$ cat query_31.cif   # mmCIF, C-alpha atoms and all ligand atoms
data_coords
loop_
_atom_site.label_atom_id
_atom_site.label_comp_id
_atom_site.auth_asym_id
_atom_site.auth_seq_id
_atom_site.Cartn_x
_atom_site.Cartn_y
_atom_site.Cartn_z
CA MET E 1 130.49 84.39 97.50
CA LEU E 2 130.47 83.60 101.21
CA TYR E 3 127.31 82.13 102.75
CA ARG E 4 126.31 81.79 106.39
CA VAL E 5 123.12 80.77 108.15
CA ILE E 6 121.35 82.52 111.02
CA ASP E 7 118.17 81.61 112.85
CA ARG E 8 115.09 83.71 112.25
CA ASP E 9 115.14 84.59 115.98
CA ASP E 10 118.48 86.33 115.42
CA LEU E 11 116.96 88.96 113.17
CA PRO E 12 116.12 91.50 115.94
CA SER E 13 119.74 91.29 117.16
CA LEU E 14 120.98 91.97 113.63
CA VAL E 15 118.70 94.99 113.28
CA ALA E 16 119.73 96.25 116.74
CA ALA E 17 123.41 95.97 115.76
CA PHE E 18 122.78 98.12 112.68
CA MET E 19 120.80 100.61 114.77
CA GLU E 20 123.83 101.27 116.96
CA ARG E 21 125.57 103.04 114.07
CA TYR E 22 123.05 103.56 111.32
CA GLU E 23 119.59 104.87 110.69
CA VAL E 24 117.65 101.77 109.66
CA ILE E 25 115.29 102.19 106.71
CA ALA E 26 113.08 99.16 106.17
CA PRO E 27 109.71 98.08 104.77
CA VAL E 28 106.85 98.65 107.20
CA LYS E 29 103.10 98.28 106.90
CA ARG E 30 101.54 101.51 105.64
CA GLY E 31 97.78 101.53 105.06
CA GLU E 32 96.88 98.74 102.66
CA GLY E 33 100.47 98.37 101.45
CA HIS E 34 104.06 98.70 102.55
CA ALA E 35 106.61 101.51 102.41
CA PHE E 36 110.27 102.06 103.18
CA SER E 37 110.55 104.11 106.33
CA ALA E 38 112.91 104.81 109.24
CA VAL E 39 112.28 102.26 112.00
CA ALA E 40 113.04 102.38 115.71
CA ASP E 41 111.84 98.86 116.52
CA ALA E 42 112.78 95.70 114.64
CA ALA E 43 109.26 94.39 115.29
CA ASP E 44 107.89 96.98 112.84
CA ILE E 45 109.89 95.55 109.93
CA VAL E 46 107.97 93.36 107.47
CA LEU E 47 110.45 91.33 105.43
CA ASP E 48 107.98 89.25 103.41
CA TYR E 49 106.40 92.36 101.90
CA PRO E 50 104.93 92.75 98.42
CA THR E 51 106.53 95.42 96.21
CA THR E 52 106.32 98.84 97.86
CA VAL E 53 104.53 101.65 96.01
CA ALA E 54 107.74 103.70 95.89
CA SER E 55 111.28 102.36 95.86
CA PRO E 56 114.04 103.26 98.36
CA LYS E 57 115.56 105.52 95.66
CA LYS E 58 114.61 108.65 97.62
CA TYR E 59 117.25 107.85 100.26
CA LEU E 60 119.99 108.21 97.64
CA LEU E 61 118.35 110.75 95.37
CA PRO E 62 115.93 112.80 97.47
CA ALA E 63 112.83 114.20 95.72
CA VAL E 64 113.94 117.68 96.83
CA GLU E 65 117.51 118.35 97.91
CA THR E 66 119.19 121.64 98.78
CA LEU E 67 122.55 121.79 97.03
CA PHE E 68 123.65 125.08 98.54
CA GLU E 69 122.31 128.26 100.08
CA PHE E 70 123.21 131.76 98.95
CA ASP E 71 123.17 135.25 100.36
CA ALA E 72 123.13 137.82 97.57
CA GLU E 73 123.76 140.80 99.86
CA GLY E 74 126.73 139.18 101.59
CA ASN E 75 127.88 137.62 98.30
CA ALA E 76 128.20 134.29 100.13
CA VAL E 77 127.42 130.71 99.16
CA THR E 78 127.32 127.87 101.66
CA ASP E 79 128.48 124.39 100.83
CA TYR E 80 126.18 121.41 100.41
CA THR E 81 123.89 121.67 103.40
CA ASP E 82 121.83 118.48 103.42
CA GLU E 83 122.65 116.06 106.17
CA VAL E 84 124.15 112.81 104.90
CA ARG E 85 123.26 110.17 107.44
CA PRO E 86 124.90 106.78 107.82
CA ARG E 87 122.03 104.50 106.84
CA VAL E 88 121.22 100.92 106.13
CA LEU E 89 118.51 100.10 103.63
CA PHE E 90 117.29 96.90 105.24
CA GLY E 91 115.15 94.42 103.32
CA VAL E 92 115.66 95.55 99.72
CA HIS E 93 114.45 93.28 96.91
CA ALA E 94 116.87 92.18 94.20
CA CYS E 95 115.24 94.35 91.52
CA ASP E 96 115.73 97.46 93.67
CA ILE E 97 119.36 96.56 94.34
CA ASN E 98 119.88 96.26 90.59
CA ALA E 99 118.12 99.60 90.18
CA ILE E 100 120.61 101.17 92.59
CA MET E 101 123.44 99.60 90.56
CA ASN E 102 122.02 101.39 87.51
CA LEU E 103 121.85 104.68 89.40
CA ASN E 104 125.45 104.14 90.53
CA SER E 105 126.52 103.82 86.89
CA VAL E 106 124.91 107.15 86.05
CA PHE E 107 126.00 109.16 89.07
CA ASP E 108 129.50 107.66 89.23
CA ASP E 109 130.13 108.59 85.58
CA ALA E 110 133.84 109.40 85.34
CA ARG E 111 133.20 112.58 83.34
CA TYR E 112 130.32 113.92 85.45
CA PRO E 113 130.45 112.34 88.92
CA ASP E 114 127.63 113.53 91.13
CA PRO E 115 128.98 114.37 94.61
CA TYR E 116 125.53 114.58 96.21
CA TYR E 117 124.43 111.10 95.14
CA GLN E 118 127.88 109.73 95.88
CA ALA E 119 127.81 111.14 99.41
CA HIS E 120 124.52 109.40 100.13
CA ARG E 121 125.61 106.15 98.51
CA ALA E 122 128.93 106.05 100.37
CA ALA E 123 127.07 106.44 103.68
CA THR E 124 124.56 103.67 102.89
CA LEU E 125 124.70 99.94 103.54
CA ILE E 126 122.27 97.61 101.80
CA VAL E 127 120.77 94.44 103.23
CA GLY E 128 118.78 92.62 100.57
CA VAL E 129 116.02 90.10 101.10
CA GLY E 130 114.58 87.41 98.85
CA CYS E 131 111.01 87.88 97.63
CA MET E 132 108.14 86.17 95.85
CA PRO E 133 106.99 87.77 92.58
CA GLN E 134 103.76 89.78 92.36
CA ALA E 135 101.49 89.85 89.32
CA HIS E 136 103.33 92.81 87.72
CA CYS E 137 106.87 91.62 88.44
CA PHE E 138 109.02 90.85 85.41
CA CYS E 139 112.53 91.32 86.78
CA ASN E 140 113.22 87.79 85.51
CA LEU E 141 112.82 89.10 81.93
CA MET E 142 115.10 92.10 82.56
CA ASP E 143 117.96 90.02 84.03
CA ALA E 144 117.39 91.67 87.40
CA GLU E 145 115.85 88.89 89.47
CA GLU E 146 119.12 88.28 91.28
CA ALA E 147 121.35 90.80 92.98
CA ARG E 148 124.91 89.74 92.38
CA PRO E 149 126.98 92.70 93.51
CA GLY E 150 125.41 95.69 95.20
CA TYR E 151 124.65 94.56 98.76
CA ASP E 152 126.43 94.13 102.07
CA LEU E 153 124.23 91.23 103.16
CA PHE E 154 121.45 89.38 101.37
CA LEU E 155 118.96 87.29 103.36
CA THR E 156 116.97 84.42 101.90
CA ASP E 157 114.30 82.87 104.10
CA ILE E 158 114.77 79.11 103.97
CA GLY E 159 112.28 78.29 106.71
CA GLU E 160 112.86 79.41 110.31
CA ARG E 161 116.36 80.49 109.25
CA TYR E 162 118.05 82.73 106.71
CA LEU E 163 120.78 81.87 104.28
CA VAL E 164 122.90 85.03 104.35
CA SER E 165 125.02 85.93 101.37
CA ILE E 166 127.84 88.20 102.49
CA GLY E 167 128.83 91.02 100.16
CA SER E 168 131.14 93.20 102.25
CA VAL E 169 133.51 93.12 105.20
CA VAL E 170 131.38 95.68 107.03
CA GLY E 171 128.31 93.49 106.57
CA ALA E 172 130.19 90.37 107.68
CA ASN E 173 131.51 92.05 110.84
CA ILE E 174 128.08 93.32 111.89
CA LEU E 175 126.49 89.93 111.16
CA GLU E 176 129.09 87.98 113.11
CA GLY E 177 129.00 90.40 116.02
CA ALA E 178 125.24 90.27 116.34
CA CYS E 179 124.18 86.70 115.53
CA GLU E 180 124.94 83.07 116.14
CA VAL E 181 126.40 82.50 112.69
CA ARG E 182 127.00 79.01 111.33
CA GLU E 183 128.23 77.44 108.11
CA ALA E 184 125.59 76.38 105.60
CA THR E 185 124.89 72.63 105.62
CA ASP E 186 123.75 70.54 102.66
CA GLU E 187 120.25 70.68 104.12
CA ASP E 188 120.41 74.49 104.03
CA ARG E 189 121.61 74.46 100.42
CA ILE E 190 118.82 72.10 99.38
CA ALA E 191 116.26 74.31 101.14
CA PHE E 192 117.73 77.34 99.35
CA ARG E 193 117.41 75.60 95.99
CA ALA E 194 113.76 74.74 96.70
CA VAL E 195 112.99 78.38 97.58
CA THR E 196 114.75 79.60 94.43
CA ARG E 197 112.79 77.19 92.24
CA ALA E 198 109.46 78.09 93.83
CA ARG E 199 110.21 81.75 93.20
CA GLN E 200 111.15 81.14 89.58
CA GLU E 201 107.90 79.27 89.01
CA ALA E 202 105.86 82.05 90.61
CA PHE E 203 106.62 84.66 87.95
CA ASN E 204 103.63 85.69 85.87
CA GLY E 205 103.90 83.60 82.70
CA ASP E 206 101.44 85.90 80.89
CA ILE E 207 104.10 88.61 80.59
CA PRO E 208 105.84 87.73 77.32
CA ASP E 209 109.53 86.95 77.25
CA ILE E 210 110.75 88.92 74.23
CA GLN E 211 114.22 88.55 72.78
CA GLU E 212 116.17 91.42 71.17
CA ILE E 213 114.03 94.13 72.78
CA PRO E 214 116.42 97.01 71.90
CA MET E 215 116.38 96.02 68.23
CA LEU E 216 112.58 95.84 68.21
CA MET E 217 112.39 99.26 69.83
CA ASP E 218 114.27 100.61 66.82
CA ALA E 219 112.30 98.55 64.29
CA PHE E 220 108.92 99.83 65.54
CA HIS E 221 109.95 103.39 66.33
CA GLU E 222 107.34 104.83 63.94
CA ASP E 223 104.53 102.40 64.70
CA ALA E 224 101.04 103.75 65.44
CA PHE E 225 101.26 101.86 68.74
CA TRP E 226 102.99 104.88 70.31
CA ASP E 227 100.15 107.20 69.26
CA GLU E 228 97.71 104.83 70.91
CA LEU E 229 99.73 104.84 74.15
CA GLY E 230 100.17 108.62 73.97
CA GLY E 231 96.44 109.08 73.45
CA ARG E 232 95.87 107.39 76.79
CA CYS E 233 98.69 109.01 78.78
CA LEU E 234 97.51 111.52 81.39
CA SER E 235 100.99 113.09 81.80
CA CYS E 236 100.61 112.54 85.55
CA ASN E 237 104.25 111.38 86.05
CA ALA E 238 103.16 108.65 88.47
CA CYS E 239 105.27 106.14 86.52
CA ALA E 240 108.45 108.18 86.94
CA ASN E 241 107.77 108.97 90.59
CA VAL E 242 107.49 105.31 91.59
CA CYS E 243 110.26 104.06 89.29
CA PRO E 244 113.49 103.00 91.04
CA THR E 245 115.56 103.90 87.96
CA CYS E 246 114.11 107.25 86.84
CA TYR E 247 116.77 109.78 87.76
CA CYS E 248 115.98 112.94 85.78
CA PHE E 249 116.01 116.10 87.83
CA ASP E 250 115.54 119.82 87.47
CA ILE E 251 117.42 122.60 89.25
CA ARG E 252 115.57 125.53 90.76
CA ASP E 253 116.66 128.61 92.69
CA THR E 254 114.22 129.56 95.42
CA LEU E 255 114.37 133.05 96.93
CA ASP E 256 113.30 133.78 100.49
CA PRO E 257 110.63 136.50 100.86
CA GLY E 258 113.24 139.26 101.38
CA GLY E 259 114.79 138.43 98.03
CA ALA E 260 118.40 138.49 99.27
CA THR E 261 118.81 134.91 100.39
CA GLY E 262 117.71 131.61 99.01
CA ARG E 263 118.76 128.16 98.00
CA ARG E 264 119.47 126.06 94.97
CA GLU E 265 117.49 122.84 94.98
CA ARG E 266 117.53 119.70 92.94
CA VAL E 267 114.04 118.28 92.38
CA TRP E 268 112.85 115.15 90.60
CA ASP E 269 111.65 115.70 87.06
CA ALA E 270 110.04 113.31 84.58
CA CYS E 271 110.29 112.96 80.82
CA THR E 272 106.54 112.25 80.74
CA SER E 273 105.95 115.85 81.84
CA PRO E 274 104.85 118.17 78.97
CA GLN E 275 107.41 120.81 80.06
CA PHE E 276 110.34 118.43 80.26
CA ALA E 277 111.71 119.04 76.76
CA MET E 278 110.62 122.67 76.49
CA VAL E 279 113.46 125.12 75.92
CA ALA E 280 113.87 128.89 75.95
CA GLY E 281 111.71 130.50 73.30
CA GLY E 282 108.91 128.03 73.91
CA HIS E 283 110.00 125.27 71.53
CA ASN E 284 109.19 121.79 72.81
CA PHE E 285 111.27 118.93 71.44
CA ARG E 286 108.64 116.38 72.51
CA PRO E 287 105.32 118.23 72.36
CA THR E 288 103.04 115.17 72.25
CA ALA E 289 102.32 112.57 74.89
CA ALA E 290 103.06 109.87 72.31
CA GLN E 291 106.59 111.21 71.85
CA ARG E 292 107.10 111.45 75.59
CA VAL E 293 105.86 107.94 76.39
CA ARG E 294 107.93 106.54 73.53
CA HIS E 295 110.99 108.40 74.79
CA ARG E 296 110.55 107.00 78.29
CA MET E 297 110.20 103.45 77.04
CA TYR E 298 113.20 103.91 74.74
CA HIS E 299 115.41 105.01 77.57
CA LYS E 300 114.23 102.12 79.74
CA LEU E 301 114.50 99.39 77.11
CA ASN E 302 117.03 100.62 74.58
CA GLY E 303 119.05 103.79 75.23
CA PHE E 304 120.56 102.80 78.58
CA MET E 305 121.43 99.39 77.13
CA ALA E 306 123.50 101.03 74.41
CA LYS E 307 125.72 102.73 76.98
CA TYR E 308 125.77 100.32 79.93
CA ASP E 309 124.95 96.98 78.31
CA ARG E 310 121.93 96.35 80.49
CA SER E 311 118.35 97.47 80.58
CA LEU E 312 117.51 100.52 82.71
CA CYS E 313 114.14 98.96 83.53
CA VAL E 314 114.59 96.29 86.20
CA GLY E 315 111.06 94.92 85.85
CA CYS E 316 109.85 95.89 89.32
CA GLY E 317 106.33 96.41 87.93
CA ARG E 318 105.67 99.55 89.98
CA CYS E 319 104.73 101.69 86.99
CA ALA E 320 102.32 98.99 85.79
CA THR E 321 100.58 99.22 89.15
CA ALA E 322 100.72 103.01 89.39
CA CYS E 323 99.59 103.95 85.89
CA LYS E 324 95.82 104.50 85.74
CA VAL E 325 95.69 103.81 82.00
CA ASP E 326 97.82 100.67 81.81
CA ILE E 327 100.96 102.07 80.21
CA SER E 328 104.15 100.25 81.19
CA PRO E 329 107.00 98.25 79.66
CA ILE E 330 104.72 95.21 80.00
CA GLU E 331 102.43 96.77 77.37
CA VAL E 332 105.46 97.24 75.11
CA LEU E 333 106.40 93.57 75.52
CA ARG E 334 102.82 92.57 74.69
CA PHE E 335 102.94 94.78 71.59
CA PHE E 336 106.10 93.02 70.40
CA GLU E 337 104.42 89.69 71.05
CA ARG E 338 101.44 90.73 68.86
CA LYS E 339 103.79 91.92 66.12
CA GLY E 340 105.61 88.60 66.24
CA ALA E 341 102.31 86.73 65.94
CA GLU E 342 101.28 88.89 62.94
CA ASP E 343 104.60 88.17 61.22
CA ALA E 344 104.08 84.44 61.73
CA GLU E 345 100.67 84.47 60.00
S1 LIG C 1 102.36 106.60 81.40
FE1 LIG C 1 100.70 106.42 82.95
S2 LIG C 1 101.67 106.94 84.91
FE2 LIG C 1 103.07 107.64 83.28
S3 LIG C 1 102.53 109.79 82.91
FE3 LIG C 1 101.31 108.59 81.45
S4 LIG C 1 99.37 108.15 82.53
FE4 LIG C 1 100.82 108.85 84.11
S1 LIG C 2 109.99 101.27 84.11
FE1 LIG C 2 108.39 100.44 85.48
S2 LIG C 2 108.86 98.25 85.70
FE2 LIG C 2 110.70 99.26 84.85
S3 LIG C 2 111.96 99.78 86.64
FE3 LIG C 2 110.69 101.58 86.23
S4 LIG C 2 108.84 101.31 87.50
FE4 LIG C 2 109.90 99.33 87.42
#
$ encode --input "query_31.cif" --output "structure tokens"
Amino acid sequence: MLYRVIDRDDLPSLVAAFMERYEVIAPVKRGEGHAFSAVADAADIVLDYPTTVASPKKYLLPAVETLFEFDAEGNAVTDYTDEVRPRVLFGVHACDINAIMNLNSVFDDARYPDPYYQAHRAATLIVGVGCMPQAHCFCNLMDAEEARPGYDLFLTDIGERYLVSIGSVVGANILEGACEVREATDEDRIAFRAVTRARQEAFNGDIPDIQEIPMLMDAFHEDAFWDELGGRCLSCNACANVCPTCYCFDIRDTLDPGGATGRRERVWDACTSPQFAMVAGGHNFRPTAAQRVRHRMYHKLNGFMAKYDRSLCVGCGRCATACKVDISPIEVLRFFERKGAEDAE
């Protein structure tokens, strides 16, 4: 990996260089929190932001996307109509970069490649930024606290300057064209190590570090714990909407008022929704909230692992913040911790 150092004062020039060719999406202050949004002024960007309510996923997998339009009278179908803009996601935390890597695995599947996602992804650059963990962050337990591949540049604040990890030629060219770039010195490396250690120590130690999570998910598949979680679940789908790795969608055909023209749209769906597993004839394969919550947690902590050898959950903690009744993978980890304590008695 190639590292360079830029001064903090160089950041506006870097953003301006991206703006010449890309729409810049970055974290900005929004109400009490922060959100990813298109920016026109580098001064609006907040790089030391706490986890945003929603992830930047929507820029690769929009919540509603028109796949094509049709004209029944003219027997005509247009091609993919949504505009794919060259974009840079600027200031993405490591967990969200790992989440995008997981989405890439799904939508780049050799058997069923998804041209819509791929078009967005191919047009998108990613500039990561180091962060300090919040109370609900557990990316360190999901092996997602570092972004190894998956970015063009990654900035770590080491005090009045950034250590920049370079991940692509495009990123390197923009960086070198926009900033006074210099080699990292030993002092920079030592500062980087101090920042990394401080971050590691800032993770919430109350969230249990559980080994062999996929095996435990199987072992406790029938436990009453899931009924207890299901009894609380409001089926509101907030968890799925904020999650950077939920990628289920539905397809709907929408007719214009005249009935002759319309469009096929892809819309986000969620396995916590009561209708998600309902099929023609009215049968529902997961009729209870307990089954739906358990299914979601299984996919996050077990099922994806079986296919891709890594957890789908990246430990961003957003669902733990969004859920009004405290249902999240953290609760599952705590359950396994209690079970371990019972076994030890
Ligand atoms: S787990 Fe929480 S956020 Fe998710 S659907 Fe149930 S109540 Fe809503
Ligand atoms: S399941 Fe929750 S903690 Fe895990 S990636 Fe999704 S929102 Fe983040």
$ residues_near_ligand --input "query_31.cif" --ligand "ligand LIG 2 (chain C)" --cutoff "6 Å" --atoms "all atoms listed in the file" --output "ChimeraX atom specification"
/E:242-245,313-319
$ atom_distance --input "query_31.cif" --atom1 "atom CA of Asn98 of chain E" --atom2 "atom CA of Ser168 of chain E"
16.5 Å
$ closest_residue --input "query_31.cif" --among "E:Val88, E:Val267, E:Ala38, E:Thr196" --to "Ile174 of chain E" --atoms "only C-alpha atoms"
E:Val88
$ axis_aligned_box --input "query_31.cif" --around "ligand LIG 1 (chain C)" --padding-each-side "8 Å" --output "JSON"
{"center_x": 101.2, "center_y": 108.1, "center_z": 83.2, "size_x": 19.7, "size_y": 19.4, "size_z": 19.5}
$ residues_near_ligand --input "query_31.cif" --ligand "ligand LIG 1 (chain C)" --cutoff "6 Å" --atoms "only C-alpha atoms and all ligand atoms" --output "ChimeraX atom specification"
/E:233-239,272,323-325,327
$ write_last_selection --input "query_31.cif" --atoms "C-alpha atoms" --output "compact mmCIF listing (two decimals), keeping the file's coordinate frame"
# COMPACT_ATOMS: atom_id res chain seq x y z
CA CYS E 233 98.69 109.01 78.78
CA LEU E 234 97.51 111.52 81.39
CA SER E 235 100.99 113.09 81.80
CA CYS E 236 100.61 112.54 85.55
CA ASN E 237 104.25 111.38 86.05
CA ALA E 238 103.16 108.65 88.47
CA CYS E 239 105.27 106.14 86.52
CA THR E 272 106.54 112.25 80.74
CA CYS E 323 99.59 103.95 85.89
CA LYS E 324 95.82 104.50 85.74
CA VAL E 325 95.69 103.81 82.00
CA ILE E 327 100.96 102.07 80.21
$ residues_around --input "query_31.cif" --residues "Asp48 of chain E" --least-positions-apart "4" --cutoff "12 Å" --atoms "only C-alpha atoms" --output "PyMOL selection string"
chain E and resi 26-29+33-34+52+91-93+128-134+155-157
$ closest_residue --input "query_31.cif" --among "E:Gly303, E:Pro50, E:Gly150, E:Gly31" --to "Met215 of chain E" --atoms "all atoms listed in the file"
E:Gly303
$ residues_around --input "query_31.cif" --residues "Leu11 of chain E" --least-positions-apart "6" --cutoff "10 Å" --atoms "all atoms listed in the file" --output "ChimeraX atom specification"
/E:17,42-43,161-162,175,178-179
$ closest_residue --input "query_31.cif" --among "E:Cys248, E:Ile158, E:Val127, E:Ile100" --to "Ala198 of chain E" --atoms "all atoms listed in the file"
E:Ile158
$ residues_around --input "query_31.cif" --residues "Asp109 of chain E" --least-positions-apart "6" --cutoff "12 Å" --atoms "only C-alpha atoms" --output "ChimeraX atom specification"
/E:102-103,115,117-118,307-308
$ residues_near_point --input "query_31.cif" --point "(106.6, 114.2, 70.6)" --cutoff "12 Å" --atoms "only C-alpha atoms" --output "list of chain:residue names"
E:Glu222, E:Trp226, E:Asp227, E:Gly230, E:Gly231, E:Cys271, E:Thr272, E:Ser273, E:Pro274, E:Gln275, E:Phe276, E:Ala277, E:Met278, E:His283, E:Asn284, E:Phe285, E:Arg286, E:Pro287, E:Thr288, E:Ala289, E:Ala290, E:Gln291, E:Arg292, E:Val293, E:Arg294, E:His295, E:Arg296
$ write_last_selection --input "query_31.cif" --atoms "C-alpha atoms" --output "tab-separated table (two decimals), in the coordinates of the input"
chain	number	residue	atom	x	y	z
E	222	GLU	CA	107.34	104.83	63.94
E	226	TRP	CA	102.99	104.88	70.31
E	227	ASP	CA	100.15	107.20	69.26
E	230	GLY	CA	100.17	108.62	73.97
E	231	GLY	CA	96.44	109.08	73.45
E	271	CYS	CA	110.29	112.96	80.82
E	272	THR	CA	106.54	112.25	80.74
E	273	SER	CA	105.95	115.85	81.84
E	274	PRO	CA	104.85	118.17	78.97
E	275	GLN	CA	107.41	120.81	80.06
E	276	PHE	CA	110.34	118.43	80.26
E	277	ALA	CA	111.71	119.04	76.76
E	278	MET	CA	110.62	122.67	76.49
E	283	HIS	CA	110.00	125.27	71.53
E	284	ASN	CA	109.19	121.79	72.81
E	285	PHE	CA	111.27	118.93	71.44
E	286	ARG	CA	108.64	116.38	72.51
E	287	PRO	CA	105.32	118.23	72.36
E	288	THR	CA	103.04	115.17	72.25
E	289	ALA	CA	102.32	112.57	74.89
E	290	ALA	CA	103.06	109.87	72.31
E	291	GLN	CA	106.59	111.21	71.85
E	292	ARG	CA	107.10	111.45	75.59
E	293	VAL	CA	105.86	107.94	76.39
E	294	ARG	CA	107.93	106.54	73.53
E	295	HIS	CA	110.99	108.40	74.79
E	296	ARG	CA	110.55	107.00	78.29
$ residues_around --input "query_31.cif" --residues "Ala219 of chain E" --least-positions-apart "4" --cutoff "12 Å" --atoms "only C-alpha atoms" --output "NGL selection string"
:E and (212-215 or 223 or 298 or 302 or 336 or 339)
$ atom_distance --input "query_31.cif" --atom1 "atom CA of Leu333 of chain E" --atom2 "atom CA of Phe220 of chain E"
12.0 Å
$ closest_residue --input "query_31.cif" --among "E:Pro149, E:Phe90, E:Val332, E:Ile6" --to "Asn104 of chain E" --atoms "only C-alpha atoms"
E:Pro149
$ atom_distance --input "query_31.cif" --atom1 "atom CA of Ile166 of chain E" --atom2 "atom CA of Leu153 of chain E"
4.8 Å
$ residues_around --input "query_31.cif" --residues "Thr78 of chain E" --least-positions-apart "4" --cutoff "10 Å" --atoms "only C-alpha atoms" --output "ChimeraX atom specification"
/E:67-71,263
$ closest_residue --input "query_31.cif" --among "E:Ala110, E:Leu2, E:Ala135, E:Leu163" --to "Thr51 of chain E" --atoms "all atoms listed in the file"
E:Ala135
